[in-house]
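Have a look at run29.txt below; it lists compact mmCIF, C-alpha atoms.
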# COMPACT_ATOMS: atom_id res chain seq x y z
CA MET R 166 23.03 -4.41 44.08
CA ILE R 167 25.93 -6.03 42.24
CA GLY R 168 23.16 -7.58 40.14
CA HIS R 169 22.27 -4.10 38.96
CA ILE R 170 25.77 -3.33 37.66
CA LYS R 171 25.09 -5.37 34.54
CA PRO R 172 28.47 -4.93 32.81
CA LEU R 173 30.27 -6.14 35.95
CA LEU R 174 28.00 -9.13 36.49
CA ASN R 175 28.30 -10.00 32.82
CA LEU R 176 32.11 -9.77 32.89
CA ILE R 177 32.33 -12.05 35.95
CA GLY R 178 30.04 -14.54 34.21
CA GLU R 179 32.11 -14.50 31.02
CA LEU R 180 35.46 -14.82 32.84
CA LYS R 181 34.23 -17.95 34.60
CA LYS R 182 34.12 -19.67 31.20
CA LEU R 183 37.93 -19.61 31.05
CA PRO R 184 39.73 -22.72 32.38
CA GLY R 185 41.02 -22.43 35.94
CA ILE R 186 38.96 -19.29 36.64
CA GLY R 187 36.47 -19.90 39.45
CA PRO R 188 33.93 -17.43 40.84
CA ARG R 189 36.45 -15.81 43.21
CA SER R 190 39.18 -15.32 40.59
CA ALA R 191 36.58 -14.03 38.13
CA GLU R 192 35.52 -11.38 40.65
CA ARG R 193 39.11 -10.47 41.43
CA ILE R 194 39.98 -10.11 37.74
CA ALA R 195 36.81 -8.11 37.07
CA TYR R 196 37.65 -5.58 39.79
CA ALA R 197 41.24 -5.36 38.57
CA VAL R 198 39.95 -4.65 35.07
CA LEU R 199 38.01 -1.65 36.41
CA ASP R 200 41.26 -0.25 37.81
CA MET R 201 43.27 -0.76 34.61
CA ASP R 202 43.48 1.92 31.96
CA GLU R 203 41.15 1.70 29.00
CA GLU R 204 43.83 0.87 26.43
CA THR R 205 45.16 -2.11 28.42
CA VAL R 206 41.68 -3.62 28.74
CA GLU R 207 40.90 -3.02 25.07
CA ASN R 208 44.12 -4.77 24.10
CA ILE R 209 43.28 -7.83 26.21
CA GLY R 210 39.76 -8.01 24.77
CA LYS R 211 41.00 -7.59 21.22
CA ALA R 212 43.78 -10.15 21.68
CA LEU R 213 41.18 -12.75 22.67
CA ILE R 214 38.98 -12.11 19.66
CA ASP R 215 41.94 -11.70 17.31
CA ALA R 216 43.53 -15.01 18.37
CA LYS R 217 40.25 -16.85 17.93
CA LEU R 218 39.57 -15.36 14.49
CA ASN R 219 43.08 -15.57 13.07
CA ILE R 220 44.49 -18.85 14.32
CA LYS R 221 43.57 -21.76 12.07
CA ARG R 222 44.54 -25.38 11.50
CA CYS R 223 47.27 -25.98 8.94
CA SER R 224 45.79 -27.86 5.97
CA VAL R 225 48.94 -30.01 5.71
CA CYS R 226 50.11 -30.88 9.24
CA PHE R 227 47.00 -29.79 11.25
CA SER R 228 49.01 -27.76 13.72
CA ILE R 229 47.78 -24.26 14.63
CA THR R 230 48.93 -21.33 12.51
CA ASP R 231 48.02 -17.85 11.37
CA VAL R 232 48.97 -18.62 7.75
CA VAL R 233 47.80 -21.72 5.83
CA PRO R 234 49.83 -23.85 5.11
CA CYS R 235 51.83 -23.12 8.25
CA ARG R 236 55.35 -21.70 8.29
CA ILE R 237 56.87 -25.07 9.22
CA CYS R 238 55.23 -26.88 6.30
CA MET R 239 56.34 -24.09 3.93
CA ASP R 240 59.91 -23.94 5.28
CA GLN R 241 62.31 -25.09 2.57
CA PHE R 242 65.22 -25.37 4.97
CA ARG R 243 63.76 -28.11 7.13
CA ASP R 244 64.92 -31.72 6.99
CA GLU R 245 62.75 -33.37 4.36
CA SER R 246 63.59 -36.90 5.46
CA SER R 247 61.63 -37.03 8.71
CA ILE R 248 58.11 -36.44 9.96
CA CYS R 249 57.20 -36.36 13.65
CA VAL R 250 53.71 -37.50 14.68
CA VAL R 251 52.21 -35.77 17.73
CA GLU R 252 48.80 -35.62 19.38
CA ASN R 253 48.25 -31.87 19.59
CA ALA R 254 49.44 -28.54 18.23
CA LYS R 255 50.76 -27.78 21.72
CA ASP R 256 53.20 -30.66 21.30
CA VAL R 257 54.57 -29.07 18.11
CA ILE R 258 55.13 -25.84 19.99
CA ALA R 259 56.86 -27.67 22.87
CA LEU R 260 59.16 -29.55 20.47
CA GLU R 261 59.94 -26.36 18.53
CA LYS R 262 60.88 -24.71 21.81
CA ALA R 263 63.28 -27.58 22.54
CA GLY R 264 64.64 -26.75 19.10
CA ASN R 265 66.76 -29.74 18.12
CA TYR R 266 64.28 -31.41 15.73
CA LYS R 267 64.40 -29.90 12.25
CA GLY R 268 62.00 -32.10 10.27
CA PHE R 269 58.26 -31.80 9.63
CA TYR R 270 55.26 -32.57 11.85
CA HIS R 271 51.89 -34.25 11.67
CA VAL R 272 49.25 -33.52 14.32
CA LEU R 273 46.77 -36.37 14.87
CA GLU R 274 44.39 -34.09 16.82
CA GLY R 275 44.08 -36.64 19.62
CA SER R 276 44.81 -40.27 20.40
CA LEU R 277 42.87 -43.52 20.14
CA SER R 278 40.48 -43.85 23.05
CA PRO R 279 37.70 -46.46 22.87
CA GLY R 280 36.36 -45.11 26.18
CA ARG R 281 35.77 -41.67 24.67
CA ASN R 282 34.69 -43.17 21.34
CA ILE R 283 37.74 -41.90 19.46
CA GLY R 284 38.74 -44.34 16.74
CA PRO R 285 41.22 -44.11 13.83
CA ASP R 286 38.67 -42.23 11.69
CA ASN R 287 38.49 -39.42 14.25
CA LEU R 288 42.22 -38.79 13.98
CA ARG R 289 44.26 -37.37 11.06
CA ILE R 290 45.63 -40.84 10.23
CA LYS R 291 44.31 -40.96 6.65
CA GLU R 292 46.01 -37.62 6.02
CA LEU R 293 49.27 -38.95 7.50
CA LEU R 294 49.25 -41.93 5.14
CA GLU R 295 48.56 -39.61 2.18
CA ARG R 296 51.56 -37.48 3.12
CA LEU R 297 53.77 -40.55 3.47
CA ASP R 298 52.62 -41.71 0.03
CA LYS R 299 53.34 -38.40 -1.64
CA ARG R 300 56.50 -37.19 0.09
CA GLY R 301 59.87 -38.90 0.40
CA PHE R 302 60.07 -39.18 4.18
CA THR R 303 62.42 -41.91 5.34
CA GLU R 304 61.71 -41.77 9.07
CA VAL R 305 58.52 -41.42 11.07
CA ILE R 306 59.18 -40.33 14.65
CA ILE R 307 56.27 -41.10 16.94
CA ALA R 308 56.09 -38.54 19.77
CA LEU R 309 52.77 -39.37 21.41
CA ASN R 310 52.11 -38.97 25.11
CA PRO R 311 53.47 -41.79 27.30
CA ASN R 312 50.06 -42.87 28.61
CA VAL R 313 47.66 -45.71 27.76
CA GLU R 314 46.01 -43.90 24.82
CA GLY R 315 49.32 -42.65 23.43
CA GLU R 316 50.92 -46.09 23.64
CA ALA R 317 47.92 -47.76 21.99
CA THR R 318 47.96 -45.18 19.21
CA ALA R 319 51.71 -45.67 18.72
CA MET R 320 51.25 -49.43 18.41
CA TYR R 321 48.36 -48.99 15.99
CA LEU R 322 50.41 -46.60 13.83
CA ASN R 323 53.44 -48.88 13.92
CA ARG R 324 51.35 -51.74 12.51
CA LEU R 325 49.80 -49.45 9.90
CA LEU R 326 53.20 -48.17 8.77
CA LYS R 327 54.72 -51.64 8.32
CA PRO R 328 53.92 -51.79 4.53
CA PHE R 329 55.82 -48.52 3.96
CA SER R 330 59.56 -48.99 3.72
CA LEU R 331 60.17 -46.49 6.49
CA LYS R 332 62.12 -46.33 9.71
CA VAL R 333 59.56 -45.90 12.51
CA THR R 334 60.94 -44.66 15.83
CA ARG R 335 59.48 -43.26 19.02
CA ILE R 336 61.02 -40.64 21.28
CA ALA R 337 62.75 -41.96 24.41
CA HIS R 338 60.96 -42.24 27.73
CA GLY R 339 62.96 -42.05 30.94
CA LEU R 340 63.87 -39.91 33.88
CA PRO R 341 63.20 -36.21 33.21
CA ILE R 342 66.27 -33.97 33.49
CA GLY R 343 66.38 -32.49 36.98
CA GLY R 344 64.11 -35.25 38.26
CA GLU R 345 65.14 -37.50 41.11
CA LEU R 346 65.15 -41.27 40.78
CA GLU R 347 63.54 -41.86 44.15
CA PHE R 348 60.51 -39.78 43.18
CA ALA R 349 60.01 -41.27 39.71
CA ASP R 350 56.97 -43.50 39.13
CA GLU R 351 57.34 -47.18 38.29
CA MET R 352 56.44 -46.81 34.61
CA THR R 353 59.04 -44.11 34.09
CA LEU R 354 61.72 -46.24 35.76
CA MET R 355 60.68 -49.25 33.69
CA TYR R 356 61.05 -47.22 30.49
CA ALA R 357 64.29 -45.68 31.71
CA PHE R 358 65.80 -49.17 32.02
CA GLU R 359 64.35 -50.41 28.75
CA ASP R 360 65.61 -47.40 26.81
CA ARG R 361 69.07 -47.41 28.44
CA LYS R 362 72.01 -46.42 26.25
CA GLU R 363 75.62 -47.54 26.19
CA LEU R 364 78.00 -44.83 27.41
CA MET U 159 57.85 -21.39 16.05
CA ILE U 160 55.31 -20.27 18.66
CA GLY U 161 56.94 -16.88 18.14
CA HIS U 162 55.65 -16.95 14.59
CA ILE U 163 52.02 -17.45 15.59
CA LYS U 164 51.70 -13.78 16.49
CA PRO U 165 48.03 -13.77 17.60
CA LEU U 166 48.76 -16.60 20.06
CA LEU U 167 51.92 -15.01 21.44
CA ASN U 168 50.09 -11.71 21.74
CA LEU U 169 47.14 -13.29 23.57
CA ILE U 170 49.43 -15.03 26.07
CA GLY U 171 51.22 -11.74 26.69
CA GLU U 172 47.96 -9.86 27.23
CA LEU U 173 46.45 -12.52 29.54
CA LYS U 174 49.50 -12.29 31.81
CA LYS U 175 48.47 -8.72 32.64
CA LEU U 176 45.45 -10.05 34.57
CA PRO U 177 45.93 -10.63 38.30
CA GLY U 178 46.70 -14.20 39.31
CA ILE U 179 47.45 -15.26 35.72
CA GLY U 180 51.06 -16.43 35.37
CA PRO U 181 52.79 -17.62 32.20
CA ARG U 182 51.50 -21.19 32.56
CA SER U 183 47.85 -20.21 33.14
CA ALA U 184 48.06 -17.68 30.32
CA GLU U 185 49.18 -20.43 27.95
CA ARG U 186 46.50 -22.81 29.19
CA ILE U 187 43.78 -20.17 28.75
CA ALA U 188 45.08 -19.21 25.30
CA TYR U 189 44.92 -22.80 24.06
CA ALA U 190 41.45 -23.21 25.56
CA VAL U 191 40.35 -20.08 23.72
CA LEU U 192 41.39 -21.66 20.42
CA ASP U 193 39.11 -24.60 21.17
CA MET U 194 36.09 -22.47 22.13
CA ASP U 195 33.53 -21.39 19.57
CA GLU U 196 33.84 -17.94 18.08
CA GLU U 197 30.78 -16.48 19.77
CA THR U 198 31.94 -17.47 23.26
CA VAL U 199 35.31 -15.84 22.76
CA GLU U 200 33.79 -12.70 21.28
CA ASN U 201 31.47 -12.42 24.27
CA ILE U 202 34.37 -12.66 26.72
CA GLY U 203 36.38 -10.06 24.81
CA LYS U 204 33.43 -7.70 24.54
CA ALA U 205 32.50 -8.16 28.22
CA LEU U 206 36.00 -6.98 29.21
CA ILE U 207 35.87 -3.87 27.04
CA ASP U 208 32.22 -3.19 27.86
CA ALA U 209 32.80 -3.37 31.63
CA LYS U 210 35.77 -1.05 31.39
CA LEU U 211 33.93 1.52 29.26
CA ASN U 212 30.57 1.46 31.03
CA ILE U 213 31.38 1.16 34.72
CA LYS U 214 31.96 4.53 36.34
CA ARG U 215 32.28 6.07 39.80
CA CYS U 216 29.07 7.38 41.31
CA SER U 217 29.32 11.18 41.66
CA VAL U 218 27.58 11.04 45.05
CA CYS U 219 28.89 7.99 46.95
CA PHE U 220 31.93 7.09 44.72
CA SER U 221 30.95 3.44 44.46
CA ILE U 222 31.06 1.78 41.03
CA THR U 223 27.98 1.94 38.84
CA ASP U 224 26.77 1.88 35.24
CA VAL U 225 24.40 4.83 35.82
CA VAL U 226 25.43 8.08 37.53
CA PRO U 227 24.31 8.75 40.25
CA CYS U 228 24.17 5.07 41.18
CA ARG U 229 20.99 3.11 41.82
CA ILE U 230 21.57 3.06 45.59
CA CYS U 231 21.96 6.85 45.81
CA MET U 232 18.81 7.30 43.67
CA ASP U 233 16.75 4.73 45.61
CA GLN U 234 13.92 6.53 47.41
CA PHE U 235 13.08 3.53 49.54
CA ARG U 236 16.38 3.34 51.41
CA ASP U 237 16.76 4.46 55.01
CA GLU U 238 17.64 8.16 54.86
CA SER U 239 18.88 8.31 58.43
CA SER U 240 22.15 6.40 58.01
CA ILE U 241 25.26 6.49 55.89
CA CYS U 242 27.89 3.76 55.94
CA VAL U 243 31.51 4.71 55.24
CA VAL U 244 33.63 2.06 53.49
CA GLU U 245 37.04 1.95 51.83
CA ASN U 246 36.18 0.49 48.43
CA ALA U 247 33.30 -0.18 46.06
CA LYS U 248 33.87 -3.89 46.66
CA ASP U 249 32.86 -3.33 50.29
CA VAL U 250 29.54 -1.84 49.15
CA ILE U 251 28.90 -4.90 47.04
CA ALA U 252 29.81 -7.24 49.94
CA LEU U 253 27.47 -5.39 52.33
CA GLU U 254 24.66 -5.34 49.75
CA LYS U 255 25.07 -9.09 49.36
CA ALA U 256 24.73 -9.49 53.15
CA GLY U 257 21.55 -7.48 52.61
CA ASN U 258 20.52 -6.29 56.08
CA TYR U 259 21.76 -2.69 55.80
CA LYS U 260 19.26 -0.43 54.07
CA GLY U 261 20.85 3.02 54.35
CA PHE U 262 23.24 4.87 52.05
CA TYR U 263 26.99 4.50 51.47
CA HIS U 264 30.08 6.62 51.09
CA VAL U 265 33.23 5.14 49.52
CA LEU U 266 36.46 6.78 50.69
CA GLU U 267 38.46 5.18 47.86
CA GLY U 268 41.14 3.97 50.27
CA SER U 269 42.34 4.51 53.84
CA LEU U 270 44.89 6.78 55.49
CA SER U 271 48.39 5.42 54.99
CA PRO U 272 51.36 7.70 55.69
CA GLY U 273 53.64 4.94 54.37
CA ARG U 274 52.02 5.04 50.94
CA ASN U 275 51.60 8.82 51.10
CA ILE U 276 47.82 8.68 51.35
CA GLY U 277 46.52 11.54 53.50
CA PRO U 278 43.00 12.87 54.12
CA ASP U 279 43.09 14.91 50.89
CA ASN U 280 43.55 11.72 48.84
CA LEU U 281 40.33 10.25 50.21
CA ARG U 282 36.72 11.31 49.63
CA ILE U 283 36.51 12.85 53.12
CA LYS U 284 35.67 16.39 51.98
CA GLU U 285 32.79 14.93 49.95
CA LEU U 286 31.60 12.95 53.00
CA LEU U 287 31.47 16.12 55.13
CA GLU U 288 29.55 17.93 52.37
CA ARG U 289 26.99 15.14 52.28
CA LEU U 290 26.63 15.20 56.06
CA ASP U 291 26.11 18.98 55.91
CA LYS U 292 23.44 18.77 53.23
CA ARG U 293 21.51 15.63 54.14
CA GLY U 294 19.74 14.77 57.36
CA PHE U 295 21.71 11.64 58.30
CA THR U 296 21.57 10.87 62.01
CA GLU U 297 24.04 7.98 62.11
CA VAL U 298 27.42 7.40 60.45
CA ILE U 299 28.41 3.73 60.45
CA ILE U 300 32.13 3.26 59.93
CA ALA U 301 32.79 -0.03 58.15
CA LEU U 302 36.50 0.20 57.38
CA ASN U 303 38.83 -2.77 57.27
CA PRO U 304 40.02 -3.98 60.70
CA ASN U 305 43.72 -3.32 60.02
CA VAL U 306 46.15 -0.55 61.01
CA GLU U 307 45.15 1.80 58.18
CA GLY U 308 41.44 1.18 58.63
CA GLU U 309 41.61 1.78 62.39
CA ALA U 310 43.65 4.96 61.95
CA THR U 311 41.15 6.22 59.38
CA ALA U 312 38.23 5.36 61.67
CA MET U 313 39.82 7.29 64.54
CA TYR U 314 40.55 10.27 62.28
CA LEU U 315 36.94 10.31 61.02
CA ASN U 316 35.55 9.97 64.51
CA ARG U 317 37.46 13.10 65.61
CA LEU U 318 36.40 14.95 62.47
CA LEU U 319 32.74 14.07 62.98
CA LYS U 320 32.63 15.24 66.63
CA PRO U 321 31.27 18.74 65.73
CA PHE U 322 28.31 17.20 63.89
CA SER U 323 25.49 16.13 66.19
CA LEU U 324 25.59 12.59 64.85
CA LYS U 325 25.77 9.10 66.24
CA VAL U 326 29.04 7.60 65.00
CA THR U 327 29.31 3.79 65.19
CA ARG U 328 31.60 1.16 63.77
CA ILE U 329 30.66 -2.37 62.72
CA ALA U 330 31.52 -5.10 65.22
CA HIS U 331 34.76 -7.05 65.06
CA GLY U 332 34.91 -10.57 66.42
CA LEU U 333 35.00 -14.22 65.52
CA PRO U 334 33.78 -14.87 62.00
CA ILE U 335 30.77 -17.20 61.75
CA GLY U 336 32.01 -20.71 61.10
CA GLY U 337 35.46 -19.78 62.41
CA GLU U 338 37.06 -21.65 65.27
CA LEU U 339 38.27 -19.91 68.38
CA GLU U 340 41.53 -21.84 68.54
CA PHE U 341 42.53 -20.66 65.06
CA ALA U 342 41.59 -17.00 65.54
CA ASP U 343 44.41 -14.45 65.70
CA GLU U 344 45.06 -12.41 68.84
CA MET U 345 43.63 -9.15 67.50
CA THR U 346 40.35 -10.84 66.54
CA LEU U 347 40.05 -12.42 69.98
CA MET U 348 40.86 -9.10 71.62
CA TYR U 349 38.09 -7.39 69.65
CA ALA U 350 35.72 -10.31 70.24
CA PHE U 351 36.11 -9.77 73.99
CA GLU U 352 35.92 -6.00 73.77
CA ASP U 353 32.76 -6.06 71.65
CA ARG U 354 31.04 -8.77 73.70
CA LYS U 355 27.28 -8.46 74.10
CA GLU U 356 24.94 -9.40 76.92
CA LEU U 357 22.78 -12.40 76.08
Final structure tokens representation of the file:
Amino acid sequence: MIGHIKPLLNLIGELKKLPGIGPRSAERIAYAVLDMDEETVENIGKALIDAKLNIKRCSVCFSITDVVPCRICMDQFRDESSICVVENAKDVIALEKAGNYKGFYHVLEGSLSPGRNIGPDNLRIKELLERLDKRGFTEVIIALNPNVEGEATAMYLNRLLKPFSLKVTRIAHGLPIGGELEFADEMTLMYAFEDRKEL
Amino acid sequence: MIGHIKPLLNLIGELKKLPGIGPRSAERIAYAVLDMDEETVENIGKALIDAKLNIKRCSVCFSITDVVPCRICMDQFRDESSICVVENAKDVIALEKAGNYKGFYHVLEGSLSPGRNIGPDNLRIKELLERLDKRGFTEVIIALNPNVEGEATAMYLNRLLKPFSLKVTRIAHGLPIGGELEFADEMTLMYAFEDRKEL
């Protein structure tokens, strides 16, 4: 008989399309929705549609934004000497939350992955080189993920950036704050020793 | 800077209102939404609003439905001799999925709970008695949850239904199918012994 309550069945089906929502959670959320007041549910539904329609890619740095170019690219008070290369828009948001970096960003929209058929042409590398040509950046900070793809992409970029007279750096890898040495993996410990600093 | 992408911040805030969605899942879902195509997201948003606006309480049995009275109450092929009393609409759906019961339902919309100030007047008990008066049911099957509130409500109903010349039964409690005896709680085992059947 649940099959006859079309709007409920439809809602459960649609909710299952969201990541991390299985059939049981979809049912639970659907029933909760029926108990919420109309305004609350309308706001959730509208927020979904509104986010999808109004969030775009920045035409300069390729991060996500509701205005194009994005507020970071248009910000005249940021440090014009450095550009930070990341894989995804989420990384920009994470770094902005940390708050100590004040330069500009460039989102590659992924990392090199021969296994998934992602080569240099699938990433925003051409656009990065164009920006480096046009603007007077003096440092490129590579902040890619510390995994095989990220490291390969970093090495590829480093080689590509050699002809530019630029300082190319990458963010430090090491023990996360609050982490415990005995639980760290071997790669992290290896990097932590390599990147050690004089006190 | 995430604070400046208003539609994203808004979506994360709205998603957190759903049950089982914490700040991390809300973020994950929000980012996934940005990567989905427009139609998919619109369908999810509309399904939420549509379910909320179009699912109502049945005026007869108080289950949820998109047509009033509901399809079960209007079904002329169901067994007119029995009515099954449950706490919530979800219980109707669960029993319909099991599929062997063919009579009618009555949803109390809760159970007696002095602690949460829920007395007989807060439940659809008056409406149940009216239905029993009007219709020729011969059996009332009590299918309330096997917990303190459900048992108290069942006992209260049983006393209330004494004056009617009706068979009053409750569904069996016992070991769930696929469950293991050694992991069953004491109450379940107690009921399993009490409700034992001759083979």
(request) Specify as number ranges by chain all residues of chain U found within 9 Å of chain R, counting all atoms listed in the file. (result) U: 159-160, 162-173, 175-178, 183, 186-196, 198-214, 222-225, 229-230, 248, 250-252, 254-255
Dump as a PDB file, keeping the file's coordinate frame, selection limited to C-alpha atoms:
ATOM      1  CA  MET U 159      57.850 -21.390  16.050  1.00  0.00           C
ATOM      2  CA  ILE U 160      55.310 -20.270  18.660  1.00  0.00           C
ATOM      3  CA  HIS U 162      55.650 -16.950  14.590  1.00  0.00           C
ATOM      4  CA  ILE U 163      52.020 -17.450  15.590  1.00  0.00           C
ATOM      5  CA  LYS U 164      51.700 -13.780  16.490  1.00  0.00           C
ATOM      6  CA  PRO U 165      48.030 -13.770  17.600  1.00  0.00           C
ATOM      7  CA  LEU U 166      48.760 -16.600  20.060  1.00  0.00           C
ATOM      8  CA  LEU U 167      51.920 -15.010  21.440  1.00  0.00           C
ATOM      9  CA  ASN U 168      50.090 -11.710  21.740  1.00  0.00           C
ATOM     10  CA  LEU U 169      47.140 -13.290  23.570  1.00  0.00           C
ATOM     11  CA  ILE U 170      49.430 -15.030  26.070  1.00  0.00           C
ATOM     12  CA  GLY U 171      51.220 -11.740  26.690  1.00  0.00           C
ATOM     13  CA  GLU U 172      47.960  -9.860  27.230  1.00  0.00           C
ATOM     14  CA  LEU U 173      46.450 -12.520  29.540  1.00  0.00           C
ATOM     15  CA  LYS U 175      48.470  -8.720  32.640  1.00  0.00           C
ATOM     16  CA  LEU U 176      45.450 -10.050  34.570  1.00  0.00           C
ATOM     17  CA  PRO U 177      45.930 -10.630  38.300  1.00  0.00           C
ATOM     18  CA  GLY U 178      46.700 -14.200  39.310  1.00  0.00           C
ATOM     19  CA  SER U 183      47.850 -20.210  33.140  1.00  0.00           C
ATOM     20  CA  ARG U 186      46.500 -22.810  29.190  1.00  0.00           C
ATOM     21  CA  ILE U 187      43.780 -20.170  28.750  1.00  0.00           C
ATOM     22  CA  ALA U 188      45.080 -19.210  25.300  1.00  0.00           C
ATOM     23  CA  TYR U 189      44.920 -22.800  24.060  1.00  0.00           C
ATOM     24  CA  ALA U 190      41.450 -23.210  25.560  1.00  0.00           C
ATOM     25  CA  VAL U 191      40.350 -20.080  23.720  1.00  0.00           C
ATOM     26  CA  LEU U 192      41.390 -21.660  20.420  1.00  0.00           C
ATOM     27  CA  ASP U 193      39.110 -24.600  21.170  1.00  0.00           C
ATOM     28  CA  MET U 194      36.090 -22.470  22.130  1.00  0.00           C
ATOM     29  CA  ASP U 195      33.530 -21.390  19.570  1.00  0.00           C
ATOM     30  CA  GLU U 196      33.840 -17.940  18.080  1.00  0.00           C
ATOM     31  CA  THR U 198      31.940 -17.470  23.260  1.00  0.00           C
ATOM     32  CA  VAL U 199      35.310 -15.840  22.760  1.00  0.00           C
ATOM     33  CA  GLU U 200      33.790 -12.700  21.280  1.00  0.00           C
ATOM     34  CA  ASN U 201      31.470 -12.420  24.270  1.00  0.00           C
ATOM     35  CA  ILE U 202      34.370 -12.660  26.720  1.00  0.00           C
ATOM     36  CA  GLY U 203      36.380 -10.060  24.810  1.00  0.00           C
ATOM     37  CA  LYS U 204      33.430  -7.700  24.540  1.00  0.00           C
ATOM     38  CA  ALA U 205      32.500  -8.160  28.220  1.00  0.00           C
ATOM     39  CA  LEU U 206      36.000  -6.980  29.210  1.00  0.00           C
ATOM     40  CA  ILE U 207      35.870  -3.870  27.040  1.00  0.00           C
ATOM     41  CA  ASP U 208      32.220  -3.190  27.860  1.00  0.00           C
ATOM     42  CA  ALA U 209      32.800  -3.370  31.630  1.00  0.00           C
ATOM     43  CA  LYS U 210      35.770  -1.050  31.390  1.00  0.00           C
ATOM     44  CA  LEU U 211      33.930   1.520  29.260  1.00  0.00           C
ATOM     45  CA  ASN U 212      30.570   1.460  31.030  1.00  0.00           C
ATOM     46  CA  ILE U 213      31.380   1.160  34.720  1.00  0.00           C
ATOM     47  CA  LYS U 214      31.960   4.530  36.340  1.00  0.00           C
ATOM     48  CA  ILE U 222      31.060   1.780  41.030  1.00  0.00           C
ATOM     49  CA  THR U 223      27.980   1.940  38.840  1.00  0.00           C
ATOM     50  CA  ASP U 224      26.770   1.880  35.240  1.00  0.00           C
ATOM     51  CA  VAL U 225      24.400   4.830  35.820  1.00  0.00           C
ATOM     52  CA  ARG U 229      20.990   3.110  41.820  1.00  0.00           C
ATOM     53  CA  ILE U 230      21.570   3.060  45.590  1.00  0.00           C
ATOM     54  CA  LYS U 248      33.870  -3.890  46.660  1.00  0.00           C
ATOM     55  CA  VAL U 250      29.540  -1.840  49.150  1.00  0.00           C
ATOM     56  CA  ILE U 251      28.900  -4.900  47.040  1.00  0.00           C
ATOM     57  CA  ALA U 252      29.810  -7.240  49.940  1.00  0.00           C
ATOM     58  CA  GLU U 254      24.660  -5.340  49.750  1.00  0.00           C
ATOM     59  CA  LYS U 255      25.070  -9.090  49.360  1.00  0.00           C
TER      60      LYS U 255
END
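For the set R:Asn312, R:Ser224, R:Asn282, R:Ser330, the residue with the smallest atom-to-atom gap to Cys238 of chain R is R:Ser224, counting only C-alpha atoms.
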(message) Quick one: residues within 7 Å of Arg328 of chain U, only C-alpha atoms, excluding same-chain residues fewer than 6 positions away - as a list in words?
(response) Ile299, Ile300 and Ala301 of chain U
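Distance annotation: of U:Gly268, U:Gly261, U:Gly273, U:Pro227, the residue with the minimal separation from Ala312 of chain U is U:Gly268; atom set is only C-alpha atoms.
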Please identify all polymer residues within 10 Å of Leu324 of chain U, counting all atoms listed in the file, omitting same-chain residues fewer than 3 positions from it, and present them as a compact mmCIF listing (two decimals) with C-alpha atoms, in the coordinates of the input.
# COMPACT_ATOMS: atom_id res chain seq x y z
CA SER U 240 22.15 6.40 58.01
CA LEU U 290 26.63 15.20 56.06
CA GLY U 294 19.74 14.77 57.36
CA PHE U 295 21.71 11.64 58.30
CA THR U 296 21.57 10.87 62.01
CA GLU U 297 24.04 7.98 62.11
CA VAL U 298 27.42 7.40 60.45
CA LEU U 319 32.74 14.07 62.98
CA LYS U 320 32.63 15.24 66.63
CA PRO U 321 31.27 18.74 65.73
CA THR U 327 29.31 3.79 65.19
(request) Could you jot down the atom CA of Val226 of chain U to atom CA of Glu285 of chain U separation for me, Å, one decimal place? (result) 16.0 Å
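Every protein, DNA or RNA residue with an atom at most 8 Å from Leu281 of chain U, where only C-alpha atoms count and chain neighbours fewer than 3 positions away do not, is listed here: Leu266, Glu267, Gly268, Ser269, Leu270, Ile276, Gly277, Pro278 and Lys284 of chain U.
Atom CA of Tyr356 of chain R is positioned 14.6 Å from atom CA of Gly344 of chain R.
Straight-line separation from atom CA of Met232 of chain U to atom CA of Phe322 of chain U: 24.4 Å.
Shortest separation to Pro311 of chain R among R:Ala349, R:Val272, R:Ile336, R:Cys249 occurs at residue R:Ile336, atoms counted being only C-alpha atoms.
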